[in-house]
Amino acid sequence: MELQRFTEEQKAAITHTTGPMLVLAGPGSGKTTVITERIRYLTEQCGVYPGNILVITFTKAAAEEMKERYERGQTAGKGTVNFGTFHAVFFKILRFAYHYEASNILKEEERYKILREIACSRMQQEITDEKEFVEAISAEISNVKNERFSLDSYYSSNCPDEVFREIYTEYDRWLRKENKVDFDDMQLLCYELLMKRPDILKQWQNKYTYVLIDEFQDINRVQYDTIRLLAAPENNLFIVGDDDQSIYRFRGARPELMLHFTTDYPEAKQITLLCNFRSTAPIVQGALRVVGNNKKRFEKALYAKEEQGEAIEYRQYPERKRECAEIAEEIAVLHRTGLPWREIAVLYRTNLQSRAIMGKFMEYNIPFKTRDSVPNLYDHWICRDIVSYIKMALGNRERGLFLQIMNRPKRYIAREALEHSTVDFECLKSFYEEKEYVVDRVEKLEYDLAMIKGLNPYSAINYIRRAVGYDGFLTEYAQYRRMQSEELFDLLAELQEDASEYPTFEAWFAHMEEYTEQLMRQKSKEKKNTAEAVTLSTYHSAKGLEYHTVFLPELNEGMTPHRQALSPEDVEEERRMFYVAMTRAKRRLVLSCMKELRSKELVPSRFVGEVFLDRARLTAGMRIRHTVYGEGVITGNEEGRLRILFDRFPEEKLLNEAYCVQSGLLKEIIE
C-alpha cells in the first residue's frame with residue numbers, strides 16, 4: 001500500500017490501528033479518502049476481517065459513494081465492509097431483535113399526513129401556514145426523542161406547551177396502535193435494547209469491532225450514546241468531522257459532542273488534516289479569520305495547497321435590484337470567457353432570498369438549478385390573503401375567497417353562516433342580526449372593499465395592512481404560533497414592493513401568472529438537464545459541494561447572521577454557516593451587501609468585517625489603517641473599546657471595535 005501521496009497528517013490517520021481517534025477534517029482536506037484508505041489499511045495491512053468493520057454516514061448517497069470509492073480499488077476477497085446510515089444500522093439491529101420489516105417503518109409522507117391531522121385538530125386557532133407548522137412540530141418531536149427530554153418539562157417553540165404535549169402523546173399512541181416506528185423511534189429503541197440486553201449488545205460488539213463515522217459533527221445525543229455502546233469495550237472508534245462545519249443544530253446535531261470526545265475518551269489520539277486541497281490561500285485564510293471568532297471550537301492552523309490566488313472581493317450595492325443585476329451580468333461575462341455554468345454558484349442564507357436573483361437569471365436567460373425547493377412568493381398564504389381581498393373588492397363573491405379572509409383580522413364569522421357557493425353580505429348581516437358587533441364588522445368590510453377597489457396594487461396592500469388591520473392579525477398569529485412576526489412582515493413588505501411596479505390589479509395578476517408559468521418551465525428544465533447550469537442554493541444545501549466561483553450576496557445584519565440568531569450559540573452556528581459557504585469556492589469568492597432594502601438603511605454583516613481583519617490581533621502595539629482617520633497604532637483594547645493613536649492626530653481616539661470591524665473601517669498593516 002503506497003502512502004507517499006498523502007500528507008503526514010493523512011498518513012497518521014490512515015495508519016491508525018486500535019483505540020479511539022478523532023480526526024478533524026476541514027473543508028477540502030480529503031476526509032473521504034482518509035476513511036476509505038484507512039479501511040484498506042486495516043484489511044490489507046492489519047488483517048482485519050472486512051465484515052467486522054462498520055462505516056456510518058448521515059445520508060444513503062454518502063454511504064453508497066464511500067462504498068463505491070472503497071470497492072473501486074479492491075480485488076475480490078473475503079467478506080464485505082458494512083457501509084450504512086445510522087438509520088440503516090439501527091434498523092438492522094432492531095430487525096434481528098424484534099423481527100421488524102420495512103412495512104413497520106413510518107415513511108416521511110405518512111408521518112406528515114398523520115401529524116397534520118393531529119396537530120391542526122388540536123390548535124384552537126386556524127393554522128394558515130399548515131405545511132411549515134407541521135414540519136416544525138415534526139422537528140420538535142424528533143428533538144424530544146433524540147435528546148430524551150422529559151415531555152412534562154419541555155417548552156414548545158411552535159405552539160402552546162399543553163397543545164404540543166397533546167400532539168406528541170396522540171402521535172405516539174397512533175404509532176403504537178399501528179405497530180409503526182418512525183426514524184426517531186428506531187434510534188431510541190435501539191439504544192434502549194442495547195442498554196437492557198447485554199447479551200444482544202455483546203453479539204453486535206463482536207461483529208462490529210471497528211467503527212468509523214463520517215461527518216461526526218452532525219451526530220445527535222442518542223446516536224452518540226448508542227455508538228458508544230457498540231464500540232465498547234475495545235473502543236476502536238474512528239470519528240471524522242469538522243466542528244466548524246456543524247450547521248444542523250435545528251435537526252438535533254450537537255457539535256459539543258465532538259468537542260467533548262477526548263473527555264469521554266481520554267486515551268483518544270487526535271489528528272487535524274491541515275491541508276486544504278480545494279481553495280486558494282486567500283479564501284482559506286479569510287474563512288479561518290471568520291470562524292476563529294467562535295469561542296467553542298478546536299483551534300486549527302489550516303493552510304491551502306494552492307498558495308497563490310485572487311483576493312476575496314467585497315462590494316456594496318445601493319439596493320437589491322442593482323446587486324442582482326450586476327451579479328447576473330458578471331456571470332454572463334464569466335461564461336462567455338470560458339467558465340462553465342456548472343462551476344458558478346450563488347449562495348444565500350435563506351431560501352426566500354433566492355427569488356430576486358432567480359428573476360434576474362430568467363431575464364438574462366442564464367440557466368440555473370436550485371438545491372432547495374423553488375419558492376414562489378405568490379403561492380404563500382399571505383399573498384393568497386391579499387389577492388383574496390383585492391378580488392373581492394373587484395366584485396368576486398366566491399365562498400372560497402371569503403373563507404380565506406373572513407377572520408383575518410377577527411370578525412367572529414363562522415362557516416355555518418355561509419350557506420351558498422357565493423357570499424351575500426346582506427344575508428350575512430341577517431344571519432348575525434342579534435350580534436351587532438359582527439354586523440358592524442361586516443359593514444366595515446364592505447366599506448373597506450369599496451375603498452380598495454379604487455386603489456392601485458401598492459396602495460391597496462397598504463390599505464389592507466393599516467386600515468383593514470391585517471398587520472394586527474399577523475402580529476397576533478405570530479404570537480400564537482410562537483414565531484417572530486418580522487418573518488411575516490418581511491414577506492408582506494416584499495409583496496408590496498413587487499406590487500409597486502404595476503399600475504393596475506390586472507397588470508399585477510398577469511405578472512403573477514406569467515412568473516408562475518416561468519417557474520414551472522424552470523422546474524421542467526431542471527428535470528431534463530441539470531449538468532450545465534449555475535447553482536442557486538442556501539448555505540445549508542451547499543455543504544459538501546465546490547465551485548470555481550462563488551457569489552455570496554445580501555451579506556447584511558439580520559440576514560447573515562439571521563435576525564433570529566439571538567443567543568451566543570445561535571450566532572456561532574450562523575458564523576459556521578458562513579464559513580461553510582465561503583469554503584465552497586475553489587478559486588474566486590465574491591462577497592456583497594446592500595445599503596438599503598425597501599427604504600430601510602442596512603448595515604454590512606459583522607462577518608464581512610471579520611473576513612478581512614483578525615479581531616484577535618486587535619491588541620496594543622498593532623498598526624492599523626482606518627478608512628477615515630488613516631494609519632495609527634492601537635494603544636489599548638478594553639472590552640471592545642479600541643484606543644488608537646492616529647499619526648495625524650495628537651490625541652488618542654476611542655472607537656467601538658464591533659462597529660469598526662462590521663463596517664470594514666479597519667485594515668491591518670502588514671509590514
# chains A, B, ... in the order shown; residues from 1 in each chain; ligands from 1
>>> select_by_dssp(residues="stretch 212-434 of chain A", states="helix (DSSP H, G or I)", output="JSON, numbers by chain")
{"A": [216, 217, 218, 221, 222, 223, 224, 225, 226, 227, 228, 229, 230, 231, 243, 244, 245, 249, 250, 251, 255, 256, 257, 258, 259, 261, 262, 263, 264, 281, 282, 283, 284, 285, 286, 287, 288, 289, 290, 291, 320, 321, 322, 323, 324, 325, 326, 327, 328, 329, 330, 331, 332, 333, 334, 335, 336, 341, 342, 343, 351, 352, 353, 354, 355, 356, 357, 358, 359, 360, 361, 362, 363, 364, 377, 378, 379, 381, 382, 383, 384, 385, 386, 387, 388, 389, 390, 391, 392, 393, 399, 400, 401, 402, 403, 404, 405, 415, 416, 417, 425, 426, 427, 428, 429, 430, 431]}
>>> select_by_dssp(residues="stretch 27-208 of chain A", states="strand (DSSP E)", output="VMD selection string")
chain A and resid 53 to 57 82 to 85
>>> write_last_selection(atoms="C-alpha atoms", output="PDB file, in the first residue's frame")
ATOM      1  CA  ILE A  53     -15.769  -3.006  10.006  1.00  0.00           C
ATOM      2  CA  LEU A  54     -18.770  -0.668  10.264  1.00  0.00           C
ATOM      3  CA  VAL A  55     -18.734   2.669   8.409  1.00  0.00           C
ATOM      4  CA  ILE A  56     -21.550   5.097   9.227  1.00  0.00           C
ATOM      5  CA  THR A  57     -22.541   8.186   7.241  1.00  0.00           C
ATOM      6  CA  ASN A  82     -20.567  -2.659   6.235  1.00  0.00           C
ATOM      7  CA  PHE A  83     -21.478   0.815   4.932  1.00  0.00           C
ATOM      8  CA  GLY A  84     -24.716   2.455   6.043  1.00  0.00           C
ATOM      9  CA  THR A  85     -26.567   5.353   7.618  1.00  0.00           C
TER      10      THR A  85
END
>>> residues_around(residues="A:Leu175", least_positions_apart="6", cutoff="12 Å", atoms="only C-alpha atoms", output="MDAnalysis selection string")
chainID A and resid 104:107 110:111 114:115 168:169 181:185
>>> residues_around(residues="A:Tyr224", least_positions_apart="5", cutoff="10 Å", atoms="only C-alpha atoms", output="JSON, numbers by chain")
{"A": [191, 216, 219, 229, 230, 254, 257, 258]}
>>> write_last_selection(atoms="all heavy atoms", output="mmCIF file, in the first residue's frame")
data_model
loop_
_atom_site.group_PDB
_atom_site.id
_atom_site.type_symbol
_atom_site.label_atom_id
_atom_site.label_comp_id
_atom_site.auth_asym_id
_atom_site.auth_seq_id
_atom_site.Cartn_x
_atom_site.Cartn_y
_atom_site.Cartn_z
ATOM 1 N N TYR A 191 -31.138 2.073 21.180
ATOM 2 C CA TYR A 191 -30.373 2.416 22.381
ATOM 3 C C TYR A 191 -30.914 1.659 23.597
ATOM 4 O O TYR A 191 -30.153 1.061 24.372
ATOM 5 C CB TYR A 191 -30.437 3.928 22.619
ATOM 6 C CG TYR A 191 -29.865 4.346 23.953
ATOM 7 C CD1 TYR A 191 -28.484 4.358 24.168
ATOM 8 C CD2 TYR A 191 -30.711 4.704 25.004
ATOM 9 C CE1 TYR A 191 -27.962 4.718 25.402
ATOM 10 C CE2 TYR A 191 -30.196 5.066 26.235
ATOM 11 C CZ TYR A 191 -28.817 5.074 26.434
ATOM 12 O OH TYR A 191 -28.305 5.427 27.660
ATOM 13 N N PHE A 216 -18.986 13.514 11.805
ATOM 14 C CA PHE A 216 -19.331 13.291 13.207
ATOM 15 C C PHE A 216 -19.918 14.540 13.873
ATOM 16 O O PHE A 216 -20.658 14.436 14.854
ATOM 17 C CB PHE A 216 -18.087 12.820 13.978
ATOM 18 C CG PHE A 216 -18.380 12.365 15.378
ATOM 19 C CD1 PHE A 216 -18.868 11.098 15.615
ATOM 20 C CD2 PHE A 216 -18.176 13.218 16.466
ATOM 21 C CE1 PHE A 216 -19.149 10.668 16.912
ATOM 22 C CE2 PHE A 216 -18.455 12.800 17.748
ATOM 23 C CZ PHE A 216 -18.941 11.528 17.985
ATOM 24 N N ILE A 219 -23.754 14.556 14.623
ATOM 25 C CA ILE A 219 -24.363 13.494 15.429
ATOM 26 C C ILE A 219 -25.259 14.078 16.525
ATOM 27 O O ILE A 219 -25.016 15.183 17.015
ATOM 28 C CB ILE A 219 -23.253 12.604 16.049
ATOM 29 C CG1 ILE A 219 -23.783 11.218 16.402
ATOM 30 C CG2 ILE A 219 -22.618 13.283 17.263
ATOM 31 C CD1 ILE A 219 -22.679 10.204 16.702
ATOM 32 N N LEU A 229 -21.960 2.466 23.011
ATOM 33 C CA LEU A 229 -22.246 1.105 23.474
ATOM 34 C C LEU A 229 -21.680 0.076 22.500
ATOM 35 O O LEU A 229 -21.032 -0.896 22.902
ATOM 36 C CB LEU A 229 -23.764 0.906 23.602
ATOM 37 C CG LEU A 229 -24.468 1.622 24.754
ATOM 38 C CD1 LEU A 229 -25.978 1.458 24.630
ATOM 39 C CD2 LEU A 229 -23.997 1.092 26.112
ATOM 40 N N LEU A 230 -21.923 0.293 21.193
ATOM 41 C CA LEU A 230 -21.473 -0.654 20.174
ATOM 42 C C LEU A 230 -19.951 -0.770 20.128
ATOM 43 O O LEU A 230 -19.405 -1.850 19.919
ATOM 44 C CB LEU A 230 -21.981 -0.229 18.787
ATOM 45 C CG LEU A 230 -23.427 -0.572 18.420
ATOM 46 C CD1 LEU A 230 -23.769 0.012 17.061
ATOM 47 C CD2 LEU A 230 -23.635 -2.081 18.419
ATOM 48 N N ARG A 254 -25.386 18.007 17.628
ATOM 49 C CA ARG A 254 -24.774 18.614 18.809
ATOM 50 C C ARG A 254 -23.255 18.665 18.634
ATOM 51 O O ARG A 254 -22.543 17.699 18.946
ATOM 52 C CB ARG A 254 -25.137 17.802 20.063
ATOM 53 C CG ARG A 254 -26.618 17.839 20.412
ATOM 54 C CD ARG A 254 -27.047 19.221 20.895
ATOM 55 N NE ARG A 254 -28.483 19.323 21.083
ATOM 56 C CZ ARG A 254 -29.319 19.867 20.229
ATOM 57 N NH1 ARG A 254 -28.864 20.365 19.088
ATOM 58 N NH2 ARG A 254 -30.609 19.945 20.485
ATOM 59 N N LEU A 257 -20.701 17.447 21.290
ATOM 60 C CA LEU A 257 -20.342 16.037 21.464
ATOM 61 C C LEU A 257 -18.963 15.766 20.879
ATOM 62 O O LEU A 257 -18.185 14.988 21.428
ATOM 63 C CB LEU A 257 -21.389 15.133 20.804
ATOM 64 C CG LEU A 257 -22.798 15.197 21.412
ATOM 65 C CD1 LEU A 257 -23.783 14.385 20.594
ATOM 66 C CD2 LEU A 257 -22.779 14.708 22.858
ATOM 67 N N MET A 258 -18.670 16.418 19.768
ATOM 68 C CA MET A 258 -17.351 16.271 19.154
ATOM 69 C C MET A 258 -16.293 16.981 20.009
ATOM 70 O O MET A 258 -15.189 16.464 20.211
ATOM 71 C CB MET A 258 -17.378 16.843 17.741
ATOM 72 C CG MET A 258 -16.110 16.559 16.948
ATOM 73 S SD MET A 258 -16.312 17.043 15.226
ATOM 74 C CE MET A 258 -14.879 16.231 14.516
#
>>> residues_around(residues="stretch 231-247 of chain A", least_positions_apart="6", cutoff="7 Å", atoms="only C-alpha atoms", output="list in words")
Thr18, Gly19, Pro20, Met21, Leu22, Val23, Leu24, Ala25, Gly26, Gln205, Thr209, Tyr210, Val211, Leu212, Ile213, Asp214, Glu215, Phe216, Gln217, Asp218, Pro255, Met258, Arg297, Glu573, Arg576, Met577 and Val580 of chain A
>>> closest_residue(among="A:Ala531, A:Glu639, A:Pro503, A:Val144", to="A:Asn456", atoms="only C-alpha atoms")
A:Pro503
>>> residues_around(residues="A:Ser373", least_positions_apart="6", cutoff="10 Å", atoms="only C-alpha atoms", output="JSON, numbers by chain")
{"A": [351, 523, 537]}
>>> closest_residue(among="A:Glu610, A:Glu130, A:Glu434, A:Asp264", to="A:Gly286", atoms="only C-alpha atoms")
A:Glu610
